[in-house]
Every structure is written in C-alpha cells, then in structure tokens.
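Text of the file work_39.pdb, holding PDB, C-alpha atoms:
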```pdb
MODEL        1
ATOM      1  CA  MET Z  20     -19.850 -57.422 -51.364
ATOM      2  CA  GLN Z  21     -20.021 -58.106 -47.642
ATOM      3  CA  THR Z  22     -16.393 -56.990 -47.248
ATOM      4  CA  THR Z  23     -17.110 -53.722 -49.042
ATOM      5  CA  PHE Z  24     -20.082 -53.037 -46.771
ATOM      6  CA  LEU Z  25     -18.047 -53.686 -43.622
ATOM      7  CA  SER Z  26     -15.268 -51.396 -44.818
ATOM      8  CA  PHE Z  27     -17.753 -48.635 -45.535
ATOM      9  CA  ALA Z  28     -19.318 -49.040 -42.090
ATOM     10  CA  LEU Z  29     -15.925 -48.928 -40.367
ATOM     11  CA  VAL Z  30     -14.892 -45.748 -42.191
ATOM     12  CA  SER Z  31     -18.222 -44.126 -41.320
ATOM     13  CA  ALA Z  32     -17.806 -45.002 -37.657
ATOM     14  CA  LEU Z  33     -14.281 -43.603 -37.542
ATOM     15  CA  CYS Z  34     -15.384 -40.370 -39.197
ATOM     16  CA  PHE Z  35     -18.263 -40.020 -36.726
ATOM     17  CA  THR Z  36     -15.933 -40.638 -33.778
ATOM     18  CA  ALA Z  37     -13.395 -38.091 -35.057
ATOM     19  CA  CYS Z  38     -16.091 -35.462 -35.522
ATOM     20  CA  SER Z  39     -17.475 -36.130 -32.061
ATOM     21  CA  ASP Z  40     -14.007 -35.876 -30.493
ATOM     22  CA  ASN Z  41     -13.381 -32.596 -32.316
ATOM     23  CA  GLU Z  42     -16.673 -31.172 -31.060
ATOM     24  CA  ASP Z  43     -15.923 -32.296 -27.501
ATOM     25  CA  ALA Z  44     -12.412 -30.827 -27.528
ATOM     26  CA  ALA Z  45     -11.844 -27.854 -25.227
ATOM     27  CA  ASP Z  46     -11.086 -24.437 -26.695
ATOM     28  CA  ALA Z  47      -8.060 -23.913 -24.459
ATOM     29  CA  TYR Z  48      -5.978 -25.748 -21.886
ATOM     30  CA  GLY Z  49      -3.950 -24.406 -18.994
ATOM     31  CA  ASN Z  50      -3.235 -24.481 -15.302
ATOM     32  CA  PHE Z  51      -4.763 -22.736 -12.306
ATOM     33  CA  GLU Z  52      -2.847 -20.035 -10.505
ATOM     34  CA  SER Z  53      -3.537 -17.361  -7.933
ATOM     35  CA  THR Z  54      -2.324 -13.876  -7.130
ATOM     36  CA  GLU Z  55       0.623 -14.522  -4.832
ATOM     37  CA  VAL Z  56       2.153 -11.895  -2.561
ATOM     38  CA  ILE Z  57       5.564 -12.246  -0.950
ATOM     39  CA  VAL Z  58       5.640 -10.333   2.332
ATOM     40  CA  SER Z  59       9.128  -9.054   3.124
ATOM     41  CA  ALA Z  60      10.727  -7.412   6.143
ATOM     42  CA  GLU Z  61      10.706  -3.616   6.109
ATOM     43  CA  ALA Z  62      13.235  -3.341   8.936
ATOM     44  CA  THR Z  63      16.419  -4.996  10.138
ATOM     45  CA  GLY Z  64      16.657  -6.816  13.459
ATOM     46  CA  ARG Z  65      15.660  -9.898  15.385
ATOM     47  CA  LEU Z  66      12.200 -11.283  14.681
ATOM     48  CA  LEU Z  67      10.764 -11.201  18.188
ATOM     49  CA  SER Z  68       7.327 -12.500  17.238
ATOM     50  CA  PHE Z  69       6.007 -14.273  14.153
ATOM     51  CA  ASP Z  70       2.527 -15.798  14.205
ATOM     52  CA  VAL Z  71       2.512 -17.327  10.715
ATOM     53  CA  GLU Z  72       2.047 -20.981   9.753
ATOM     54  CA  GLU Z  73       1.735 -22.565   6.332
ATOM     55  CA  GLY Z  74      -1.895 -23.223   5.473
ATOM     56  CA  ALA Z  75      -3.159 -20.576   7.891
ATOM     57  CA  VAL Z  76      -5.823 -18.197   6.632
ATOM     58  CA  LEU Z  77      -4.979 -14.588   7.453
ATOM     59  CA  ALA Z  78      -7.095 -11.476   7.166
ATOM     60  CA  ALA Z  79      -5.777  -8.260   5.682
ATOM     61  CA  ASN Z  80      -4.196  -5.742   8.112
ATOM     62  CA  THR Z  81      -3.574  -8.448  10.720
ATOM     63  CA  LEU Z  82      -0.476  -7.971  12.886
ATOM     64  CA  VAL Z  83       1.476 -11.215  12.489
ATOM     65  CA  GLY Z  84       4.943 -10.337  13.765
ATOM     66  CA  GLY Z  85       7.347  -7.780  15.146
ATOM     67  CA  ILE Z  86      11.010  -6.940  14.620
ATOM     68  CA  ASP Z  87      13.150  -5.704  17.513
ATOM     69  CA  SER Z  88      12.731  -1.917  17.713
ATOM     70  CA  ILE Z  89      14.285  -1.006  21.079
ATOM     71  CA  GLN Z  90      17.009   1.099  19.442
ATOM     72  CA  LEU Z  91      14.404   3.023  17.481
ATOM     73  CA  LYS Z  92      12.393   3.712  20.623
ATOM     74  CA  LEU Z  93      15.509   4.987  22.410
ATOM     75  CA  ARG Z  94      16.321   7.174  19.422
ATOM     76  CA  LYS Z  95      12.800   8.615  19.498
ATOM     77  CA  ASP Z  96      13.102   9.376  23.232
ATOM     78  CA  GLN Z  97      16.456  11.085  22.634
ATOM     79  CA  LEU Z  98      15.019  13.266  19.888
ATOM     80  CA  GLY Z  99      12.118  14.214  22.145
ATOM     81  CA  ALA Z 100      14.563  15.291  24.865
ATOM     82  CA  ASN Z 101      16.556  17.355  22.350
ATOM     83  CA  ILE Z 102      13.388  19.120  21.195
ATOM     84  CA  ARG Z 103      12.410  19.960  24.763
ATOM     85  CA  ALA Z 104      15.918  21.307  25.455
ATOM     86  CA  VAL Z 105      15.765  23.612  22.446
ATOM     87  CA  LEU Z 106      12.268  24.843  23.295
ATOM     88  CA  SER Z 107      13.370  25.644  26.855
ATOM     89  CA  LYS Z 108      15.464  28.481  25.381
ATOM     90  CA  LYS Z 109      12.362  30.137  23.972
ATOM     91  CA  PRO Z 110      11.776  33.489  25.715
ATOM     92  CA  ASP Z 111       8.541  34.110  27.580
ATOM     93  CA  VAL Z 112       7.077  36.895  25.509
ATOM     94  CA  SER Z 113       3.982  37.794  27.522
ATOM     95  CA  PRO Z 114       5.576  38.934  30.837
ATOM     96  CA  GLN Z 115       8.147  41.170  29.117
ATOM     97  CA  LEU Z 116       5.556  42.877  26.980
ATOM     98  CA  ALA Z 117       3.120  43.093  29.878
ATOM     99  CA  VAL Z 118       5.578  45.340  31.780
ATOM    100  CA  ILE Z 119       5.780  47.798  28.890
ATOM    101  CA  ARG Z 120       2.002  47.735  28.413
ATOM    102  CA  GLN Z 121       1.584  48.613  32.092
ATOM    103  CA  GLN Z 122       3.994  51.524  31.729
ATOM    104  CA  ILE Z 123       2.065  52.807  28.725
ATOM    105  CA  ALA Z 124      -1.215  52.504  30.616
ATOM    106  CA  THR Z 125       0.253  54.485  33.540
ATOM    107  CA  GLN Z 126       1.484  57.222  31.211
ATOM    108  CA  GLN Z 127      -1.936  57.345  29.510
ATOM    109  CA  LYS Z 128      -3.550  58.060  32.898
ATOM    110  CA  GLU Z 129      -0.937  60.739  33.581
ATOM    111  CA  LYS Z 130      -1.655  62.289  30.183
ATOM    112  CA  THR Z 131      -5.365  62.457  30.996
ATOM    113  CA  ARG Z 132      -4.584  64.164  34.312
ATOM    114  CA  ILE Z 133      -2.281  66.720  32.656
ATOM    115  CA  GLU Z 134      -4.849  67.425  29.930
ATOM    116  CA  ASN Z 135      -7.436  68.226  32.618
ATOM    117  CA  LEU Z 136      -4.956  70.482  34.424
ATOM    118  CA  PHE Z 137      -4.059  72.179  31.122
ATOM    119  CA  LYS Z 138      -7.735  72.958  30.489
ATOM    120  CA  ALA Z 139      -7.877  74.503  33.965
ATOM    121  CA  ASN Z 140      -4.700  76.480  33.252
ATOM    122  CA  ALA Z 141      -2.964  74.502  35.992
ATOM    123  CA  ALA Z 142      -0.411  72.830  33.666
ATOM    124  CA  THR Z 143       1.812  73.994  30.862
ATOM    125  CA  SER Z 144       1.889  72.852  27.245
ATOM    126  CA  LYS Z 145       5.446  71.603  27.811
ATOM    127  CA  GLN Z 146       4.144  69.135  30.396
ATOM    128  CA  LEU Z 147       1.618  67.886  27.841
ATOM    129  CA  ASP Z 148       4.281  67.578  25.155
ATOM    130  CA  ASP Z 149       6.585  65.726  27.523
ATOM    131  CA  ILE Z 150       3.946  63.134  28.438
ATOM    132  CA  ASN Z 151       3.059  62.557  24.772
ATOM    133  CA  ALA Z 152       6.750  62.091  23.968
ATOM    134  CA  ALA Z 153       7.134  59.622  26.843
ATOM    135  CA  ILE Z 154       4.157  57.588  25.604
ATOM    136  CA  ALA Z 155       5.554  57.572  22.057
ATOM    137  CA  VAL Z 156       8.895  56.276  23.339
ATOM    138  CA  LEU Z 157       7.189  53.474  25.273
ATOM    139  CA  GLU Z 158       5.099  52.465  22.235
ATOM    140  CA  LYS Z 159       8.241  52.255  20.077
ATOM    141  CA  GLN Z 160       9.932  50.268  22.811
ATOM    142  CA  TYR Z 161       6.949  47.902  22.908
ATOM    143  CA  ALA Z 162       7.018  47.370  19.123
ATOM    144  CA  SER Z 163      10.789  46.820  19.103
ATOM    145  CA  THR Z 164      10.689  44.382  22.005
ATOM    146  CA  ALA Z 165       7.789  42.434  20.483
ATOM    147  CA  SER Z 166       9.595  42.170  17.154
ATOM    148  CA  SER Z 167      12.820  41.031  18.809
ATOM    149  CA  LEU Z 168      11.076  38.429  20.944
ATOM    150  CA  ASN Z 169       9.072  37.072  17.998
ATOM    151  CA  THR Z 170      12.293  36.748  15.966
ATOM    152  CA  GLN Z 171      13.875  34.764  18.778
ATOM    153  CA  VAL Z 172      10.823  32.538  19.088
ATOM    154  CA  THR Z 173      10.751  31.918  15.338
ATOM    155  CA  GLY Z 174      14.468  31.130  15.263
ATOM    156  CA  ILE Z 175      14.266  28.672  18.139
ATOM    157  CA  SER Z 176      11.176  27.004  16.666
ATOM    158  CA  SER Z 177      12.972  26.584  13.343
ATOM    159  CA  GLU Z 178      15.778  24.779  15.176
ATOM    160  CA  THR Z 179      13.315  22.089  16.182
ATOM    161  CA  GLN Z 180      12.043  21.450  12.641
ATOM    162  CA  PRO Z 181      14.929  19.126  11.617
ATOM    163  CA  LEU Z 182      14.439  17.253  14.886
ATOM    164  CA  GLN Z 183      10.704  16.938  14.213
ATOM    165  CA  VAL Z 184      11.480  15.478  10.789
ATOM    166  CA  GLN Z 185      13.780  12.931  12.405
ATOM    167  CA  VAL Z 186      11.025  12.025  14.858
ATOM    168  CA  GLU Z 187       8.650  11.358  11.948
ATOM    169  CA  GLN Z 188      11.297   9.208  10.285
ATOM    170  CA  VAL Z 189      11.726   7.155  13.445
ATOM    171  CA  ARG Z 190       7.945   6.785  13.780
ATOM    172  CA  GLU Z 191       7.806   5.447  10.231
ATOM    173  CA  GLN Z 192      10.632   3.017  11.010
ATOM    174  CA  LEU Z 193       8.805   1.885  14.146
ATOM    175  CA  ALA Z 194       5.693   1.228  12.049
ATOM    176  CA  GLN Z 195       7.792  -0.753   9.576
ATOM    177  CA  SER Z 196       9.118  -2.945  12.398
ATOM    178  CA  ARG Z 197       5.580  -4.343  12.721
ATOM    179  CA  VAL Z 198       4.819  -7.194  10.301
ATOM    180  CA  VAL Z 199       1.280  -6.568   9.036
ATOM    181  CA  ASN Z 200      -0.368  -8.989   6.630
ATOM    182  CA  PRO Z 201      -1.369  -6.979   3.523
ATOM    183  CA  VAL Z 202      -4.100  -9.134   1.945
ATOM    184  CA  ASN Z 203      -6.727 -11.744   2.715
ATOM    185  CA  GLY Z 204      -5.404 -15.167   1.856
ATOM    186  CA  THR Z 205      -3.785 -18.462   2.748
ATOM    187  CA  VAL Z 206      -0.123 -18.777   3.693
ATOM    188  CA  LEU Z 207       1.613 -20.862   1.035
ATOM    189  CA  THR Z 208       5.237 -20.759   2.194
ATOM    190  CA  LYS Z 209       6.959 -19.669   5.386
ATOM    191  CA  TYR Z 210      10.567 -18.556   4.914
ATOM    192  CA  VAL Z 211      11.722 -17.618   8.432
ATOM    193  CA  GLU Z 212      11.168 -18.554  12.052
ATOM    194  CA  LYS Z 213      10.723 -16.523  15.213
ATOM    195  CA  GLY Z 214      14.069 -15.485  16.690
ATOM    196  CA  GLU Z 215      15.922 -15.199  13.390
ATOM    197  CA  VAL Z 216      17.675 -11.979  12.429
ATOM    198  CA  VAL Z 217      16.133 -10.509   9.303
ATOM    199  CA  THR Z 218      17.283  -7.704   7.053
ATOM    200  CA  TYR Z 219      15.347  -5.148   5.062
ATOM    201  CA  GLY Z 220      13.724  -6.803   2.053
ATOM    202  CA  LYS Z 221      14.148 -10.379   3.292
ATOM    203  CA  PRO Z 222      11.091 -12.524   2.351
ATOM    204  CA  LEU Z 223       9.140 -13.658   5.407
ATOM    205  CA  TYR Z 224       6.258 -15.610   3.860
ATOM    206  CA  LYS Z 225       4.177 -16.017   0.730
ATOM    207  CA  ILE Z 226       0.414 -15.616   0.790
ATOM    208  CA  ALA Z 227      -2.274 -15.974  -1.875
ATOM    209  CA  ASP Z 228      -6.001 -15.452  -2.134
ATOM    210  CA  LEU Z 229      -7.231 -18.955  -2.931
ATOM    211  CA  GLN Z 230     -10.866 -17.897  -2.944
ATOM    212  CA  THR Z 231     -10.379 -16.494  -6.420
ATOM    213  CA  MET Z 232      -8.307 -18.587  -8.830
ATOM    214  CA  TYR Z 233      -7.228 -17.942 -12.407
ATOM    215  CA  LEU Z 234      -6.967 -20.446 -15.230
ATOM    216  CA  ARG Z 235      -4.054 -19.334 -17.381
ATOM    217  CA  ALA Z 236      -4.684 -20.802 -20.817
ATOM    218  CA  TYR Z 237      -3.709 -20.170 -24.423
ATOM    219  CA  ILE Z 238      -5.787 -19.628 -27.556
ATOM    220  CA  SER Z 239      -4.889 -19.410 -31.219
ATOM    221  CA  GLU Z 240      -5.217 -16.319 -33.379
ATOM    222  CA  ASN Z 241      -8.293 -17.818 -35.026
ATOM    223  CA  GLN Z 242     -10.062 -17.928 -31.652
ATOM    224  CA  LEU Z 243      -9.430 -14.272 -30.744
ATOM    225  CA  SER Z 244     -12.560 -13.056 -32.511
ATOM    226  CA  ARG Z 245     -14.685 -15.381 -30.369
ATOM    227  CA  ILE Z 246     -13.547 -14.138 -26.972
ATOM    228  CA  LYS Z 247     -13.160 -10.862 -25.095
ATOM    229  CA  THR Z 248     -12.535  -9.674 -21.555
ATOM    230  CA  GLY Z 249     -15.579  -9.916 -19.305
ATOM    231  CA  GLN Z 250     -16.988 -12.808 -21.310
ATOM    232  CA  GLN Z 251     -18.514 -15.726 -19.423
ATOM    233  CA  VAL Z 252     -16.945 -19.112 -20.230
ATOM    234  CA  ASN Z 253     -17.134 -22.658 -18.920
ATOM    235  CA  VAL Z 254     -14.138 -24.027 -17.005
ATOM    236  CA  GLN Z 255     -13.730 -27.765 -16.526
ATOM    237  CA  LEU Z 256     -11.378 -29.950 -14.525
ATOM    238  CA  ASP Z 257     -10.805 -33.681 -14.310
ATOM    239  CA  GLN Z 258     -12.459 -35.708 -11.559
ATOM    240  CA  PRO Z 259     -11.120 -38.964 -10.043
ATOM    241  CA  ASP Z 260     -13.926 -40.949 -11.671
ATOM    242  CA  GLY Z 261     -12.914 -39.710 -15.122
ATOM    243  CA  THR Z 262     -15.703 -37.151 -15.487
ATOM    244  CA  LEU Z 263     -15.316 -33.409 -15.891
ATOM    245  CA  LYS Z 264     -16.442 -30.894 -13.280
ATOM    246  CA  SER Z 265     -17.714 -27.579 -14.655
ATOM    247  CA  LEU Z 266     -17.372 -24.157 -13.039
ATOM    248  CA  PRO Z 267     -18.392 -20.729 -14.380
ATOM    249  CA  GLY Z 268     -15.566 -18.367 -15.222
ATOM    250  CA  THR Z 269     -14.977 -14.847 -16.509
ATOM    251  CA  VAL Z 270     -12.224 -13.848 -18.905
ATOM    252  CA  SER Z 271     -10.269 -11.203 -16.976
ATOM    253  CA  TRP Z 272      -7.255 -10.661 -19.233
ATOM    254  CA  ILE Z 273      -6.089 -11.369 -22.779
ATOM    255  CA  ALA Z 274      -2.483 -10.826 -23.849
ATOM    256  CA  SER Z 275      -1.902  -8.105 -26.433
ATOM    257  CA  GLU Z 276       1.041  -9.938 -28.006
ATOM    258  CA  ALA Z 277       1.410 -13.464 -29.293
ATOM    259  CA  GLU Z 278       3.971 -15.923 -27.916
ATOM    260  CA  PHE Z 279       5.143 -19.417 -28.661
ATOM    261  CA  THR Z 280       3.132 -22.113 -26.934
ATOM    262  CA  PRO Z 281       4.760 -22.813 -23.528
ATOM    263  CA  LYS Z 282       6.704 -26.063 -23.389
ATOM    264  CA  THR Z 283       4.733 -27.260 -20.393
ATOM    265  CA  ILE Z 284       1.413 -27.049 -22.208
ATOM    266  CA  GLN Z 285       1.690 -28.698 -25.608
ATOM    267  CA  THR Z 286       3.713 -31.214 -27.642
ATOM    268  CA  ARG Z 287       6.961 -30.371 -29.419
ATOM    269  CA  GLU Z 288       5.187 -29.994 -32.757
ATOM    270  CA  GLU Z 289       2.667 -27.544 -31.352
ATOM    271  CA  ARG Z 290       5.232 -25.427 -29.499
ATOM    272  CA  VAL Z 291       6.164 -23.687 -32.747
ATOM    273  CA  HIS Z 292       2.659 -22.207 -32.995
ATOM    274  CA  LEU Z 293       1.960 -18.652 -31.884
ATOM    275  CA  VAL Z 294      -0.765 -18.319 -29.266
ATOM    276  CA  TYR Z 295      -2.270 -15.671 -26.994
ATOM    277  CA  ALA Z 296      -2.314 -16.093 -23.230
ATOM    278  CA  LEU Z 297      -5.461 -15.334 -21.277
ATOM    279  CA  LYS Z 298      -6.718 -15.581 -17.725
ATOM    280  CA  VAL Z 299     -10.122 -16.809 -16.621
ATOM    281  CA  ARG Z 300     -11.257 -15.774 -13.136
ATOM    282  CA  VAL Z 301     -12.971 -18.597 -11.235
ATOM    283  CA  GLN Z 302     -14.460 -18.592  -7.743
ATOM    284  CA  ASN Z 303     -12.882 -21.477  -5.870
ATOM    285  CA  ASP Z 304     -15.358 -23.884  -4.323
ATOM    286  CA  GLY Z 305     -12.496 -25.623  -2.517
ATOM    287  CA  SER Z 306     -11.640 -28.039  -5.296
ATOM    288  CA  LEU Z 307      -9.130 -25.828  -7.132
ATOM    289  CA  LYS Z 308      -5.430 -25.994  -6.322
ATOM    290  CA  ILE Z 309      -2.472 -24.030  -7.671
ATOM    291  CA  GLY Z 310      -0.956 -25.800 -10.677
ATOM    292  CA  MET Z 311      -3.990 -27.990 -11.309
ATOM    293  CA  PRO Z 312      -4.751 -28.432 -15.047
ATOM    294  CA  GLY Z 313      -7.998 -27.167 -16.458
ATOM    295  CA  GLU Z 314      -9.893 -26.612 -19.679
ATOM    296  CA  MET Z 315     -11.833 -23.671 -21.029
ATOM    297  CA  ARG Z 316     -14.832 -23.892 -23.314
ATOM    298  CA  ILE Z 317     -16.338 -20.939 -25.139
ATOM    299  CA  ALA Z 318     -20.096 -20.920 -25.400
ATOM    300  CA  LYS Z 319     -21.220 -21.765 -28.936
TER     301      LYS Z 319
ENDMDL
END
```
With the file now loaded, output its structure as structure tokens.
Amino acid sequence: MQTTFLSFALVSALCFTACSDNEDAADAYGNFESTEVIVSAEATGRLLSFDVEEGAVLAANTLVGGIDSIQLKLRKDQLGANIRAVLSKKPDVSPQLAVIRQQIATQQKEKTRIENLFKANAATSKQLDDINAAIAVLEKQYASTASSLNTQVTGISSETQPLQVQVEQVREQLAQSRVVNPVNGTVLTKYVEKGEVVTYGKPLYKIADLQTMYLRAYISENQLSRIKTGQQVNVQLDQPDGTLKSLPGTVSWIASEAEFTPKTIQTREERVHLVYALKVRVQNDGSLKIGMPGEMRIAK
C-alpha cells in the first residue's frame, strides 16, 4: 500500500513538472540580427583618406574617405576651357544691330523733315517716296541681320550642350570619389586601408545600426493566428546567472511562405517541420549582440 502511494505521488509530481515546463516554454526561438549595410567604392583610384575603424560609431552623411580624383578635376578644367573657346565664337549681336537702328532713326528724322517740306510745297512726292523706301530697306536689313545673328548664337550655344553634359558627368564622378557614410551605425568590419587602390564596387566597410536589433525567430502554422505585425511581444535572453532578461519587442515582419526549420535552430527531428519566419524589433539597451540567441513569448 505504501509503495502504491509513493508511485502515485511520483507520477503526479512528474506530470506537474511537465505541465509547468510546457507553460514556461517560449513561443519561438531565434537569434538577434541587425540591418547591415556594406559601403562600396563608387570610383576607381587610390584611397587617399579613410577615417574608418571597427567599432566606431558613425553618423549618416559623414565624409569618411576620399578616392584620388586629380584626373577628374583636370578633365573638368579641360571641358571648361573647351566651352569658353566655343562661346568666344559667338557674335556680339547688340553692336551690329545698334548700327542699323541708328541708320533707321536718322532716316526717320529725314522723313519728318521731308514731310514738313512737302506740306510747304518745298519738296516733291518722289522725295517722300524715296525716304520711305530707304526706311523699308533698312528695316528689312535689320530683321535679316537679327535673324542671322540669332541663328549663329543658337548654333554656337548648341555646340556647348554636349560639353555641358560631360561637365555634369564629371561632377557626378567627383562626388562619387568622396566616401560618405550612408546611415547611422557602428562599423562592424573594415575591408580596406588608406593608400590601397580600390575599384568601382569594391567593399570598403560594413556598418549596422545596433540601436535597433531584430530577433529572427520561427513559429509554427498553429501559432500564426495568435500573432500579427505590429503586435507587442516579450523578448527574453539568457543572463550569466541563469536568469532571463526581458525586453519589449514589436513584430515587424512575418513571412508569407512556410519553410523548413533552419538547421541552426532546432534538432534533426524538428527540421522536417514547416515554420514561418518572423522578425521582432527590439530597442537595444546595450546588452544585445549580433548572433545572440533569444526567445519570444506571446502575451496570453
């Protein structure tokens, strides 16, 4: 009878422990990651300056390096000289037209004088006709000259347009020779050193915003109905003393397609299960590191 009682007590204890463990189990497990950006060279040449060190915190739009651009500057100066040479051929319109305008003005005064003489019967109608004809000829000459000069000006200006485009291209290349940090973050990896020759597209350094971290975890299909983007969840991570530290998190993304459980997350038996990946956004209080394991718990 005593043996039966002890057996019953032992089974009850084991059942209670199993239930407690199941209740304490996290809803999802994963690892912390961040949004990493690899900054690459946008020009080819020697890296003349490079103020980047691993672990350094850089602000967005900070100038951190420069690639040799002397050839680009010389090319820009050459294009500027070519543009000035072309524009020097442009005719000076105003003085040439001013001469004809002065001639017209003189003839207009002469016409007024002849009209007064004609009224006083001191001039003939032929004189009046002649002066009107002379003025008409000058006006046509003015219009023709203005049109011709404007055509020349337009043609010469159009010759500079391809050169102006090349100048803009060189300016863009000069801007690309400056290494500007694109985002706020911490330098994770430095790939090159000052003085090295880099080519277009060569990675220079990797940077990540460690202020905001993401727990990438996986949930089963049965859990999908309990979670949605924007939902507040509890994120926990192991402490050296064996306790769990809790941080608030927000579900920022849930995969639309299922996948097999990643090999790095679960046992061989569980890797055959289909799960959905999700990301939980967590503000880093300084304790979170990339790759650190974490747990997610959905509020009951």
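Each of Z:Lys298, Z:Lys264, Z:Lys213, Z:Arg132 was compared to Ser68 (chain Z) using all atoms listed in the file, and Z:Lys213 turns out to be the nearest.
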* Computed interatomic separation between CA of Leu147 (chain Z) and CA of Lys130 (chain Z) (Å) ->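 Going from CA of Leu147 (chain Z) over to CA of Lys130 (chain Z) covers 6.9 Å.
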* Find the residue from Z:Thr280, Z:Thr164, Z:Gln195, Z:Thr170 that sits nearest to Ala62 (chain Z); use all atoms listed in the file when measuring. =>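 So, comparing all the options, the nearest one is Z:Gln195.
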Apply the PyMOL selection byres ((chain Z and resi 221-228) around 7) to the structure shown and report the selected residues as a PDB file with C-alpha atoms, in the frame of the given file.
```
ATOM      1  CA  SER Z  53      -3.537 -17.361  -7.933  1.00  0.00           C
ATOM      2  CA  THR Z  54      -2.324 -13.876  -7.130  1.00  0.00           C
ATOM      3  CA  GLU Z  55       0.623 -14.522  -4.832  1.00  0.00           C
ATOM      4  CA  VAL Z  56       2.153 -11.895  -2.561  1.00  0.00           C
ATOM      5  CA  ILE Z  57       5.564 -12.246  -0.950  1.00  0.00           C
ATOM      6  CA  VAL Z  58       5.640 -10.333   2.332  1.00  0.00           C
ATOM      7  CA  SER Z  59       9.128  -9.054   3.124  1.00  0.00           C
ATOM      8  CA  ALA Z  60      10.727  -7.412   6.143  1.00  0.00           C
ATOM      9  CA  ASN Z 203      -6.727 -11.744   2.715  1.00  0.00           C
ATOM     10  CA  GLY Z 204      -5.404 -15.167   1.856  1.00  0.00           C
ATOM     11  CA  THR Z 205      -3.785 -18.462   2.748  1.00  0.00           C
ATOM     12  CA  VAL Z 206      -0.123 -18.777   3.693  1.00  0.00           C
ATOM     13  CA  LEU Z 207       1.613 -20.862   1.035  1.00  0.00           C
ATOM     14  CA  THR Z 208       5.237 -20.759   2.194  1.00  0.00           C
ATOM     15  CA  LYS Z 209       6.959 -19.669   5.386  1.00  0.00           C
ATOM     16  CA  TYR Z 210      10.567 -18.556   4.914  1.00  0.00           C
ATOM     17  CA  VAL Z 211      11.722 -17.618   8.432  1.00  0.00           C
ATOM     18  CA  VAL Z 217      16.133 -10.509   9.303  1.00  0.00           C
ATOM     19  CA  THR Z 218      17.283  -7.704   7.053  1.00  0.00           C
ATOM     20  CA  TYR Z 219      15.347  -5.148   5.062  1.00  0.00           C
ATOM     21  CA  GLY Z 220      13.724  -6.803   2.053  1.00  0.00           C
ATOM     22  CA  LEU Z 229      -7.231 -18.955  -2.931  1.00  0.00           C
ATOM     23  CA  GLN Z 230     -10.866 -17.897  -2.944  1.00  0.00           C
ATOM     24  CA  THR Z 231     -10.379 -16.494  -6.420  1.00  0.00           C
TER      25      THR Z 231
END
```
* Asked: Which residue, Z:Pro201, Z:Gly305, Z:Gly85, Z:Gly313, has the smallest gap to Ser265 (chain Z) when you use only C-alpha atoms?
  ->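 So, comparing all the options, the nearest one is Z:Gly313.
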* Looking at Z:Val76, Z:Ala47, Z:Ile246, Z:Met232, which one is nearest to Leu266 (chain Z), with distances taken over only C-alpha atoms? ->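 Once distances to Leu266 (chain Z) are computed over only C-alpha atoms, the minimum belongs to Z:Met232.
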* To do: Apply the PyMOL selection byres ((chain Z and resi 127) around 12) to the structure shown and report the selected residues as a PyMOL selection string.
  => chain Z and resi 120-126+128-134+147+150-155+157-158
* Do you have the CA of Glu72 (chain Z)-CA of Lys308 (chain Z) distance handy? ->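 Going from CA of Glu72 (chain Z) over to CA of Lys308 (chain Z) covers 18.4 Å.
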* Asked: What do you get, as a PyMOL selection string, if you spell out every residue that the PyMOL selection byres ((chain Z and resi 234) around 10) selects here?
  -> chain Z and resi 47-53+232-233+235-237+254+268-271+297-301+307+309-315
* Could you name the residues that touch Ser239 (chain Z) at 7 Å or less, counting all atoms listed in the file, but leaving out those on the same chain fewer than 2 positions away, as a VMD selection string? -> chain Z and resid 237 241 to 243 293 to 295
* Asked: What separation in Å, quoted to one decimal, exists between CA of Gln146 (chain Z) and CA of Leu116 (chain Z)?
  -> 26.5 Å
With 6 Å added on each side, what axis-aligned box encloses every listed atom of region 113-132 of chain Z? Give the centre and edge lengths in Å to one decimal, as lines of an AutoDock Vina configuration file.
```
center_x = 1.4
center_y = 51.0
center_z = 30.6
size_x = 25.5
size_y = 38.4
size_z = 19.3
```
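Among the candidates Z:Leu82, Z:Val186, Z:Leu193, Z:Ile317, the one nearest to Pro267 (chain Z) when counting all atoms listed in the file is Z:Ile317.
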